[in-house]
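For reference, coords_0.txt (compact mmCIF, C-alpha atoms and all ligand atoms):
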```txt
# COMPACT_ATOMS: atom_id res chain seq x y z
CA MET A 923 109.20 140.77 103.95
CA ASP A 924 105.53 140.31 104.70
CA THR A 925 104.21 143.45 103.08
CA PRO A 926 100.50 142.83 102.58
CA ALA A 927 99.00 143.03 106.03
CA GLU A 928 96.11 140.74 105.09
CA ASN A 929 98.60 137.94 104.65
CA GLY A 930 100.29 138.38 108.02
CA PRO A 931 100.12 135.88 110.85
CA SER A 932 97.05 136.11 113.06
CA ALA A 933 97.34 136.49 116.82
CA SER A 934 96.63 132.78 117.16
CA ASP A 935 99.79 131.77 115.24
CA ARG A 936 102.25 133.70 117.35
CA GLY A 937 104.07 130.48 118.13
CA ALA A 938 104.12 128.08 121.02
CA GLY A 939 106.81 129.82 123.08
CA PRO A 940 106.36 131.88 126.25
CA ASP A 941 104.92 135.41 126.14
CA ILE A 942 107.27 138.40 125.94
CA HIS A 943 108.49 139.40 129.41
CA PRO A 944 107.12 142.84 130.49
CA GLN A 945 110.66 144.27 130.57
CA GLU A 946 111.43 143.06 127.04
CA THR A 947 110.69 144.93 123.80
CA ALA A 948 108.09 143.65 121.34
CA ILE A 949 109.48 143.43 117.80
CA SER A 950 106.47 145.44 116.59
CA GLU A 951 107.88 148.41 118.55
CA ILE A 952 110.98 148.66 116.34
CA GLY A 953 109.67 147.07 113.11
CA GLU A 954 111.44 144.75 110.68
CA PHE A 955 114.13 147.26 109.67
CA GLY A 956 114.76 148.12 113.33
CA LEU A 957 115.18 144.44 114.11
CA ILE A 958 117.67 144.00 111.25
CA ALA A 959 119.71 146.95 112.56
CA HIS A 960 119.66 145.49 116.08
CA LEU A 961 120.83 142.07 114.86
CA ARG A 962 123.54 143.66 112.69
CA ASP A 963 124.82 145.58 115.74
CA THR A 964 124.86 142.36 117.74
CA LEU A 965 127.14 140.73 115.14
CA GLY A 966 129.42 143.78 115.02
CA GLU A 967 131.61 145.07 112.19
CA SER A 968 133.89 142.76 110.23
CA ASP A 969 137.45 143.75 109.36
CA ASP A 970 137.65 141.16 106.53
CA ASP A 971 138.52 143.30 103.51
CA SER A 972 137.29 140.69 100.99
CA ILE A 973 133.75 141.72 102.01
CA LEU A 974 132.66 144.56 99.73
CA GLU A 975 129.06 144.76 100.99
CA GLY A 976 127.48 143.19 104.04
CA ILE A 977 123.90 143.37 105.25
CA ALA A 978 123.00 146.78 103.75
CA ASP A 979 122.13 145.93 100.11
CA ASP A 980 119.99 143.45 98.13
CA ALA A 981 122.77 140.87 98.38
CA ALA A 982 126.14 140.61 100.10
CA VAL A 983 129.23 140.95 97.89
CA TYR A 984 132.65 139.43 98.50
CA ARG A 985 135.80 139.18 96.41
CA VAL A 986 136.90 135.69 95.31
CA SER A 987 139.79 136.67 93.00
CA ASP A 988 141.44 139.81 91.61
CA ASP A 989 138.49 140.79 89.45
CA THR A 990 135.67 138.37 90.35
CA VAL A 991 133.14 138.82 93.10
CA HIS A 992 130.34 136.60 94.35
CA VAL A 993 127.00 137.89 95.56
CA VAL A 994 124.87 135.91 97.99
CA THR A 995 121.31 136.37 99.12
CA THR A 996 118.80 134.30 101.07
CA ASP A 997 115.05 134.55 101.48
CA ALA A 998 112.40 132.48 103.26
CA LEU A 999 108.77 131.92 102.25
CA ILE A 1000 106.68 130.73 105.21
CA GLU A 1001 103.17 129.31 105.01
CA GLY A 1002 100.65 131.56 106.79
CA VAL A 1003 103.02 134.55 106.53
CA HIS A 1004 104.04 134.76 102.86
CA PHE A 1005 101.65 132.35 101.21
CA ASP A 1006 98.45 130.40 101.70
CA ARG A 1007 98.49 126.82 100.44
CA THR A 1008 94.79 126.99 99.58
CA PHE A 1009 95.55 129.27 96.63
CA MET A 1010 99.30 128.91 96.07
CA PRO A 1011 100.01 126.01 93.65
CA MET A 1012 103.14 124.14 94.77
CA GLU A 1013 104.83 124.60 91.41
CA HIS A 1014 104.40 128.36 91.60
CA LEU A 1015 105.64 128.41 95.19
CA GLY A 1016 108.91 126.77 94.10
CA PHE A 1017 109.27 129.17 91.18
CA LYS A 1018 108.50 132.22 93.34
CA ALA A 1019 110.98 131.25 96.06
CA MET A 1020 113.70 131.09 93.40
CA SER A 1021 112.55 134.32 91.67
CA ALA A 1022 112.68 136.32 94.91
CA ASN A 1023 116.35 135.42 95.34
CA VAL A 1024 117.33 135.74 91.67
CA SER A 1025 115.70 139.17 91.76
CA ASP A 1026 118.08 140.22 94.57
CA VAL A 1027 121.06 138.97 92.55
CA ALA A 1028 119.79 140.87 89.49
CA ALA A 1029 119.46 143.91 91.79
CA MET A 1030 123.27 143.83 92.18
CA ASN A 1031 123.72 143.64 88.36
CA ALA A 1032 125.16 140.11 88.79
CA ARG A 1033 124.46 136.68 87.23
CA PRO A 1034 122.93 133.95 89.44
CA ARG A 1035 124.85 130.63 89.35
CA TYR A 1036 124.08 128.29 92.27
CA ALA A 1037 121.30 127.76 94.79
CA THR A 1038 120.68 125.83 97.99
CA VAL A 1039 117.13 125.04 99.13
CA VAL A 1040 115.88 124.32 102.66
CA VAL A 1041 112.32 123.02 102.95
CA GLY A 1042 110.37 122.77 106.18
CA VAL A 1043 107.87 119.95 105.58
CA PRO A 1044 104.70 119.66 107.71
CA LYS A 1045 102.97 116.29 108.27
CA ASN A 1046 100.14 117.17 105.87
CA ALA A 1047 102.42 117.68 102.83
CA SER A 1048 102.56 114.71 100.43
CA VAL A 1049 105.48 113.35 98.44
CA GLU A 1050 103.61 114.40 95.29
CA ALA A 1051 103.16 117.97 96.55
CA MET A 1052 106.86 118.24 97.40
CA GLY A 1053 107.74 116.82 93.96
CA THR A 1054 105.57 119.50 92.35
CA LEU A 1055 107.27 122.18 94.47
CA TYR A 1056 110.61 121.02 93.11
CA GLN A 1057 109.28 121.05 89.53
CA GLY A 1058 108.73 124.77 90.03
CA ILE A 1059 112.25 125.10 91.40
CA LYS A 1060 113.55 123.23 88.35
CA GLN A 1061 111.64 125.54 85.97
CA ALA A 1062 113.28 128.51 87.65
CA CYS A 1063 116.72 126.86 87.39
CA ASP A 1064 116.18 126.43 83.63
CA ALA A 1065 114.84 129.96 83.18
CA TYR A 1066 117.62 131.65 85.17
CA GLY A 1067 120.54 129.33 84.34
CA ILE A 1068 121.18 128.17 87.90
CA THR A 1069 121.90 124.81 89.53
CA VAL A 1070 120.69 123.62 92.95
CA ILE A 1071 123.84 122.32 94.64
CA GLY A 1072 122.50 121.39 98.08
CA GLY A 1073 120.09 122.13 100.89
CA ASP A 1074 118.22 120.56 103.76
CA THR A 1075 114.82 119.09 104.51
CA THR A 1076 113.35 119.22 107.98
CA GLY A 1077 110.07 118.53 109.75
CA ALA A 1078 108.12 121.72 110.48
CA HIS A 1079 104.76 122.98 111.78
CA SER A 1080 104.05 124.73 108.48
CA LEU A 1081 105.49 124.56 104.99
CA SER A 1082 108.49 126.79 104.35
CA VAL A 1083 110.94 127.22 101.49
CA THR A 1084 114.21 129.02 102.15
CA VAL A 1085 116.46 129.61 99.16
CA THR A 1086 120.01 130.92 99.00
CA VAL A 1087 121.36 132.02 95.62
CA ILE A 1088 124.99 132.71 94.82
CA GLY A 1089 125.77 134.90 91.83
CA GLU A 1090 128.88 136.12 90.09
CA ALA A 1091 130.15 139.30 88.43
CA ALA A 1092 133.27 141.27 87.71
CA GLU A 1093 133.90 143.63 90.61
CA ASP A 1094 133.30 146.73 88.47
CA GLU A 1095 129.96 145.40 87.20
CA ILE A 1096 128.34 145.40 90.64
CA VAL A 1097 125.78 148.15 91.21
CA TYR A 1098 124.88 149.16 94.75
CA ARG A 1099 121.96 151.13 96.14
CA ARG A 1100 124.34 153.93 97.04
CA GLY A 1101 125.51 155.19 93.62
CA SER A 1102 122.82 157.60 92.42
CA LYS A 1103 123.56 161.30 91.97
CA PRO A 1104 121.38 164.42 91.75
CA GLY A 1105 120.17 164.74 88.17
CA ASP A 1106 119.95 160.98 87.57
CA LYS A 1107 116.66 159.73 86.19
CA ILE A 1108 114.76 157.17 88.28
CA CYS A 1109 113.60 154.31 86.05
CA VAL A 1110 111.66 151.09 86.44
CA THR A 1111 111.31 147.94 84.32
CA GLY A 1112 107.89 146.41 83.56
CA ASP A 1113 104.81 147.52 85.49
CA LEU A 1114 103.99 147.87 89.18
CA GLY A 1115 101.16 146.94 91.53
CA ALA A 1116 100.05 143.79 89.70
CA SER A 1117 101.23 141.36 92.37
CA TYR A 1118 99.28 143.15 95.09
CA ALA A 1119 96.19 143.30 92.85
CA GLY A 1120 96.56 139.53 92.33
CA LEU A 1121 96.79 138.95 96.09
CA LYS A 1122 93.63 141.03 96.64
CA VAL A 1123 91.73 138.96 94.06
CA LEU A 1124 92.92 135.68 95.60
CA LEU A 1125 92.02 136.76 99.15
CA LEU A 1126 88.55 137.78 98.00
CA GLN A 1127 88.08 134.45 96.21
CA ARG A 1128 89.14 132.59 99.35
CA GLU A 1129 86.64 134.54 101.43
CA GLN A 1130 83.86 133.78 98.94
CA LEU A 1131 84.86 130.12 98.89
CA GLN A 1132 84.63 129.99 102.68
CA GLN A 1133 81.20 131.69 102.64
CA GLN A 1134 79.65 129.80 99.75
CA GLY A 1135 81.35 126.41 100.10
CA GLU A 1136 81.25 124.01 97.18
CA ASP A 1137 78.70 126.05 95.20
CA PHE A 1138 81.30 128.75 94.71
CA GLN A 1139 82.50 129.26 91.13
CA PRO A 1140 85.66 131.35 91.02
CA HIS A 1141 85.92 133.99 88.28
CA LEU A 1142 89.63 134.10 87.76
CA ASP A 1143 89.93 134.48 83.98
CA LYS A 1144 89.66 138.25 83.80
CA PHE A 1145 92.25 138.54 86.57
CA SER A 1146 94.67 135.96 85.21
CA TYR A 1147 97.46 138.52 84.57
CA VAL A 1148 97.49 139.93 88.11
CA ILE A 1149 97.07 136.50 89.72
CA ARG A 1150 100.01 135.14 87.77
CA ARG A 1151 102.11 138.17 88.74
CA HIS A 1152 101.39 137.35 92.38
CA LEU A 1153 101.80 133.57 92.26
CA ALA A 1154 104.70 133.14 89.83
CA PRO A 1155 106.49 136.46 89.33
CA PRO A 1156 109.52 136.36 87.05
CA ALA A 1157 112.78 138.01 88.15
CA GLN A 1158 114.02 140.64 85.67
CA LEU A 1159 117.29 138.89 84.87
CA GLN A 1160 116.84 139.56 81.16
CA ALA A 1161 117.10 143.30 81.84
CA VAL A 1162 120.50 142.75 83.44
CA ARG A 1163 121.60 140.63 80.45
CA ASN A 1164 120.42 143.32 78.02
CA TRP A 1165 122.23 146.05 79.97
CA LYS A 1166 125.49 144.12 79.77
CA GLU A 1167 125.06 143.68 76.02
CA ALA A 1168 124.37 147.41 75.62
CA GLY A 1169 127.39 148.33 77.74
CA PHE A 1170 125.04 150.00 80.24
CA ARG A 1171 125.57 150.11 83.98
CA PRO A 1172 123.03 151.91 86.22
CA SER A 1173 124.33 154.26 88.92
CA SER A 1174 122.14 152.59 91.57
CA LEU A 1175 119.82 149.60 91.55
CA ILE A 1176 117.26 147.77 93.73
CA ASP A 1177 114.44 145.30 93.11
CA VAL A 1178 110.80 145.89 94.04
CA SER A 1179 110.07 143.43 96.82
CA ASP A 1180 108.47 145.76 99.40
CA GLY A 1181 106.88 148.36 97.09
CA LEU A 1182 108.21 151.25 95.02
CA ALA A 1183 107.99 153.78 97.87
CA SER A 1184 110.12 151.67 100.19
CA GLU A 1185 112.68 150.88 97.45
CA VAL A 1186 113.09 154.53 96.37
CA HIS A 1187 113.64 155.46 100.03
CA HIS A 1188 116.38 152.84 100.22
CA LEU A 1189 118.11 154.28 97.11
CA CYS A 1190 117.86 157.83 98.50
CA GLU A 1191 119.10 156.89 101.97
CA ALA A 1192 122.04 154.90 100.60
CA SER A 1193 122.93 157.56 97.99
CA GLY A 1194 122.30 160.68 100.10
CA THR A 1195 119.77 162.03 97.59
CA ARG A 1196 116.07 162.82 97.54
CA ALA A 1197 113.59 161.74 94.90
CA GLN A 1198 110.91 163.50 92.90
CA LEU A 1199 108.49 160.97 91.43
CA TYR A 1200 105.76 161.67 88.83
CA GLU A 1201 102.55 159.75 89.41
CA PRO A 1202 101.33 159.72 85.76
CA SER A 1203 104.67 158.14 84.70
CA ILE A 1204 104.42 155.11 86.98
CA PRO A 1205 103.80 152.12 84.69
CA ILE A 1206 100.62 150.25 85.66
CA SER A 1207 99.00 147.50 83.60
CA PRO A 1208 95.36 148.01 82.53
CA HIS A 1209 94.69 144.64 84.26
CA THR A 1210 95.92 146.12 87.55
CA ARG A 1211 93.81 149.26 87.00
CA ASN A 1212 90.73 147.10 86.38
CA ALA A 1213 91.32 145.16 89.59
CA ALA A 1214 91.76 148.36 91.64
CA THR A 1215 88.57 149.79 90.09
CA GLU A 1216 86.73 146.61 91.04
CA PHE A 1217 87.88 147.02 94.66
CA GLY A 1218 87.16 150.78 94.59
CA GLU A 1219 90.76 151.58 95.49
CA GLU A 1220 93.48 153.92 94.21
CA VAL A 1221 95.72 151.94 91.88
CA THR A 1222 98.70 154.19 92.70
CA VAL A 1223 98.58 152.79 96.23
CA TYR A 1224 99.06 149.28 94.79
CA ALA A 1225 102.06 150.45 92.75
CA LEU A 1226 103.72 152.39 95.57
CA PHE A 1227 103.10 150.11 98.52
CA GLY A 1228 102.01 146.70 97.19
CA GLY A 1229 105.34 144.97 96.76
CA GLU A 1230 106.40 141.59 95.37
CA ASP A 1231 106.50 142.89 91.78
CA TYR A 1232 110.19 141.91 91.42
CA GLU A 1233 110.76 144.62 88.83
CA LEU A 1234 114.01 146.62 88.96
CA VAL A 1235 114.26 150.29 89.98
CA PHE A 1236 117.45 151.89 88.71
CA THR A 1237 119.01 155.31 88.21
CA ALA A 1238 121.17 156.63 85.37
CA SER A 1239 121.98 159.90 83.67
CA GLU A 1240 119.83 160.91 80.70
CA GLU A 1241 122.85 160.42 78.45
CA GLN A 1242 123.49 156.86 79.66
CA LEU A 1243 119.84 155.99 79.08
CA GLN A 1244 120.34 156.62 75.35
CA ASP A 1245 122.11 153.22 75.23
CA LEU A 1246 118.92 151.38 76.21
CA ASP A 1247 115.87 150.28 74.24
CA PRO A 1248 113.31 152.94 75.30
CA GLN A 1249 110.61 150.23 75.38
CA SER A 1250 112.46 148.36 78.14
CA PHE A 1251 111.91 150.88 80.96
CA ASN A 1252 109.95 153.92 82.13
CA VAL A 1253 111.37 157.09 83.64
CA ILE A 1254 109.30 157.75 86.77
CA GLY A 1255 111.24 160.56 88.41
CA GLU A 1256 114.51 162.22 89.15
CA MET A 1257 117.11 162.24 91.92
CA GLU A 1258 117.78 165.63 93.46
CA ALA A 1259 120.17 167.03 96.06
CA PRO A 1260 118.82 166.65 99.61
CA GLU A 1261 117.30 169.76 101.17
CA GLU A 1262 116.60 170.05 104.85
CA ASP A 1263 113.04 171.33 104.49
CA LEU A 1264 111.99 168.87 101.80
CA PRO A 1265 110.87 165.29 102.30
CA ARG A 1266 113.07 162.40 101.14
CA VAL A 1267 110.55 161.28 98.51
CA GLN A 1268 107.80 163.34 96.85
CA LEU A 1269 105.19 162.39 94.30
CA LYS A 1270 103.81 164.94 91.86
CA GLN A 1271 100.23 163.90 91.17
CA ALA A 1272 98.28 164.44 87.96
CA ASP A 1273 96.46 167.42 89.55
CA GLY A 1274 99.80 169.13 90.27
CA ASP A 1275 99.91 168.45 94.03
CA ASN A 1276 103.35 167.37 95.19
CA VAL A 1277 102.82 165.06 98.18
CA ARG A 1278 105.27 163.49 100.58
CA VAL A 1279 105.62 159.73 100.19
CA ARG A 1280 106.74 157.75 103.21
CA PRO A 1281 108.09 154.20 102.88
CA GLY A 1282 104.68 152.80 103.79
CA GLY A 1283 102.07 155.50 103.05
CA PHE A 1284 101.14 158.99 101.84
CA ASP A 1285 101.16 161.91 104.24
CA HIS A 1286 97.64 162.90 103.27
CA PHE A 1287 96.38 159.48 104.35
CA GLY A 1288 97.08 160.59 107.91
CA ASP A 1289 98.98 157.42 108.77
CA ASP A 1290 101.75 157.35 111.33
CA GLN A 1291 104.43 155.53 109.41
CA PRO A 1292 108.05 156.13 110.38
CA GLN A 1293 109.67 159.30 108.98
CA GLY A 1294 111.13 158.84 105.52
MG MG B 1301 115.83 143.34 97.22
```
So, in terms of structure tokens, how does the structure I just supplied come out?
Ligand SMILES: [Mg+2]
Amino acid sequence: MDTPAENGPSASDRGAGPDIHPQETAISEIGEFGLIAHLRDTLGESDDDSILEGIADDAAVYRVSDDTVHVVTTDALIEGVHFDRTFMPMEHLGFKAMSANVSDVAAMNARPRYATVVVGVPKNASVEAMGTLYQGIKQACDAYGITVIGGDTTGAHSLSVTVTVIGEAAEDEIVYRRGSKPGDKICVTGDLGASYAGLKVLLLQREQLQQQGEDFQPHLDKFSYVIRRHLAPPAQLQAVRNWKEAGFRPSSLIDVSDGLASEVHHLCEASGTRAQLYEPSIPISPHTRNAATEFGEEVTVYALFGGEDYELVFTASEEQLQDLDPQSFNVIGEMEAPEEDLPRVQLKQADGDNVRVRPGGFDHFGDDQPQG
């Protein structure tokens, strides 16, 4: 999903097709999630009982034998929407396209095994550039233990990389978004907001490059952590491996692709719970704080709404959490029973205020995001 608005397509790249007919509905009226729901309704329900999960989770799950399931997920990265070739090295693009999918497999508590890759190749992409893209894909294959078993290449107006990853697990290992219970702790691996901070730095550098031309000297060193987290984020597969070794299975699980706020809403909606988050507990790297300070912005906004961190948000009882290395995660809140008068997700701030968090913004920012 194209979270950071600065990276979205401009009005001039709407495509070459005809305008929307006055009696038709613009997609912006229903949003991305509304569109997904509409398309799912168009396909209808399946009565195939080998399908354990369809469109509603990080990856689909289907049974292949008595105790083995496969998970499958697919994700596209499109030039001009998800990345800008002026600052996205080809190698990192390949790695990121793989990571985004592996992250969704990890978010089902499964092991990735196979991938297919479809590349849309514009006229101005060289053989060397495409080779470098595939070096990044190969690095990801080595890091995550997967093999590319097929794909497609096609001419295109802009560069795109669409990856499908198939993973495997025992049926009882799979963790869905829907399993959390009141009283469960809400936990997160790693730190949040770095990818968005990295994007902000890169966009600013691009602007300065355009203004100053060849005299421009980029100052990227002090931002190298956040830039790397944006360009080549790792998927948290090691967490899933460690959990298996520790005999730990979360009650619910999702990866951070659209931002913590959106992901916690998904867990609550699927599980029928509400969430109380604690702002001071949200893990944020000092590098991300420095970047936010430089831009004069609230770093919590980066962590809640930035996206593309590819960390894992999971829930478990306090007792279950004893099985884990306490260094490997942070408790950022708690699941509670839903109450009619209380918002789905609240954030207790350092000053004691408990504010409503919507999937895409705070209430006190006066935005008009959809109800959470
Ligand atoms: Mg996901």
| At what distance in Å, to one decimal, does CA of Gly1016 in chain A lie from CA of Glu1090 in chain A? |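 About the pair CA of Glu1090 in chain A and CA of Gly1016 in chain A: they are 22.4 Å apart.
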| field | Spatial neighbours of range 1115-1132 of chain A, 8 Å, all atoms listed in the file, chain gap at least 4 places, as a PyMOL selection string | value | chain A and resi 926+1008-1009+1136+1138+1140+1145+1147-1153+1155+1206-1207+1209-1210+1213-1214+1221-1231
| query | Hey, what's within 7 Å of range 1171-1183 of chain A if we count all atoms listed in the file and toss same-chain stuff fewer than 3 positions away? As JSON, numbers by chain, please? | reply | {"A": [923, 925, 980, 1025, 1026, 1029, 1030, 1097, 1098, 1099, 1100, 1101, 1102, 1165, 1186, 1187, 1225, 1226, 1227, 1228, 1229, 1230, 1231, 1232, 1233, 1234, 1235, 1236, 1237, 1238, 1279, 1280, 1281, 1282]}
With C-alpha atoms retained, write the just-selected residues as a CSV table (one decimal), in the frame of the given file.
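The file below, again-v1.csv, is the result:
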```
chain,number,residue,atom,x,y,z
A,923,MET,CA,109.2,140.8,104.0
A,925,THR,CA,104.2,143.4,103.1
A,980,ASP,CA,120.0,143.4,98.1
A,1025,SER,CA,115.7,139.2,91.8
A,1026,ASP,CA,118.1,140.2,94.6
A,1029,ALA,CA,119.5,143.9,91.8
A,1030,MET,CA,123.3,143.8,92.2
A,1097,VAL,CA,125.8,148.2,91.2
A,1098,TYR,CA,124.9,149.2,94.8
A,1099,ARG,CA,122.0,151.1,96.1
A,1100,ARG,CA,124.3,153.9,97.0
A,1101,GLY,CA,125.5,155.2,93.6
A,1102,SER,CA,122.8,157.6,92.4
A,1165,TRP,CA,122.2,146.0,80.0
A,1186,VAL,CA,113.1,154.5,96.4
A,1187,HIS,CA,113.6,155.5,100.0
A,1225,ALA,CA,102.1,150.4,92.8
A,1226,LEU,CA,103.7,152.4,95.6
A,1227,PHE,CA,103.1,150.1,98.5
A,1228,GLY,CA,102.0,146.7,97.2
A,1229,GLY,CA,105.3,145.0,96.8
A,1230,GLU,CA,106.4,141.6,95.4
A,1231,ASP,CA,106.5,142.9,91.8
A,1232,TYR,CA,110.2,141.9,91.4
A,1233,GLU,CA,110.8,144.6,88.8
A,1234,LEU,CA,114.0,146.6,89.0
A,1235,VAL,CA,114.3,150.3,90.0
A,1236,PHE,CA,117.4,151.9,88.7
A,1237,THR,CA,119.0,155.3,88.2
A,1238,ALA,CA,121.2,156.6,85.4
A,1279,VAL,CA,105.6,159.7,100.2
A,1280,ARG,CA,106.7,157.8,103.2
A,1281,PRO,CA,108.1,154.2,102.9
A,1282,GLY,CA,104.7,152.8,103.8
```
| request: Would you mind telling me which residue in A:Pro944, A:Gly1053, A:Cys1063, A:His1188 lies nearest to ligand MG 1301 (chain B) when using only C-alpha atoms and all ligand atoms? | output: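 Checking each of A:Pro944, A:Gly1053, A:Cys1063, A:His1188 against ligand MG 1301 (chain B), counting only C-alpha atoms and all ligand atoms, the winner is A:His1188.
CA of Val993 in chain A is found 28.7 Å from CA of Gly1105 in chain A.
Remark: for ligand MG 1301 (chain B), the closest of the candidate residues A:Glu1185, A:Asp1263, A:Glu1093, A:Asp969 is A:Glu1185 (distances computed over all atoms listed in the file).
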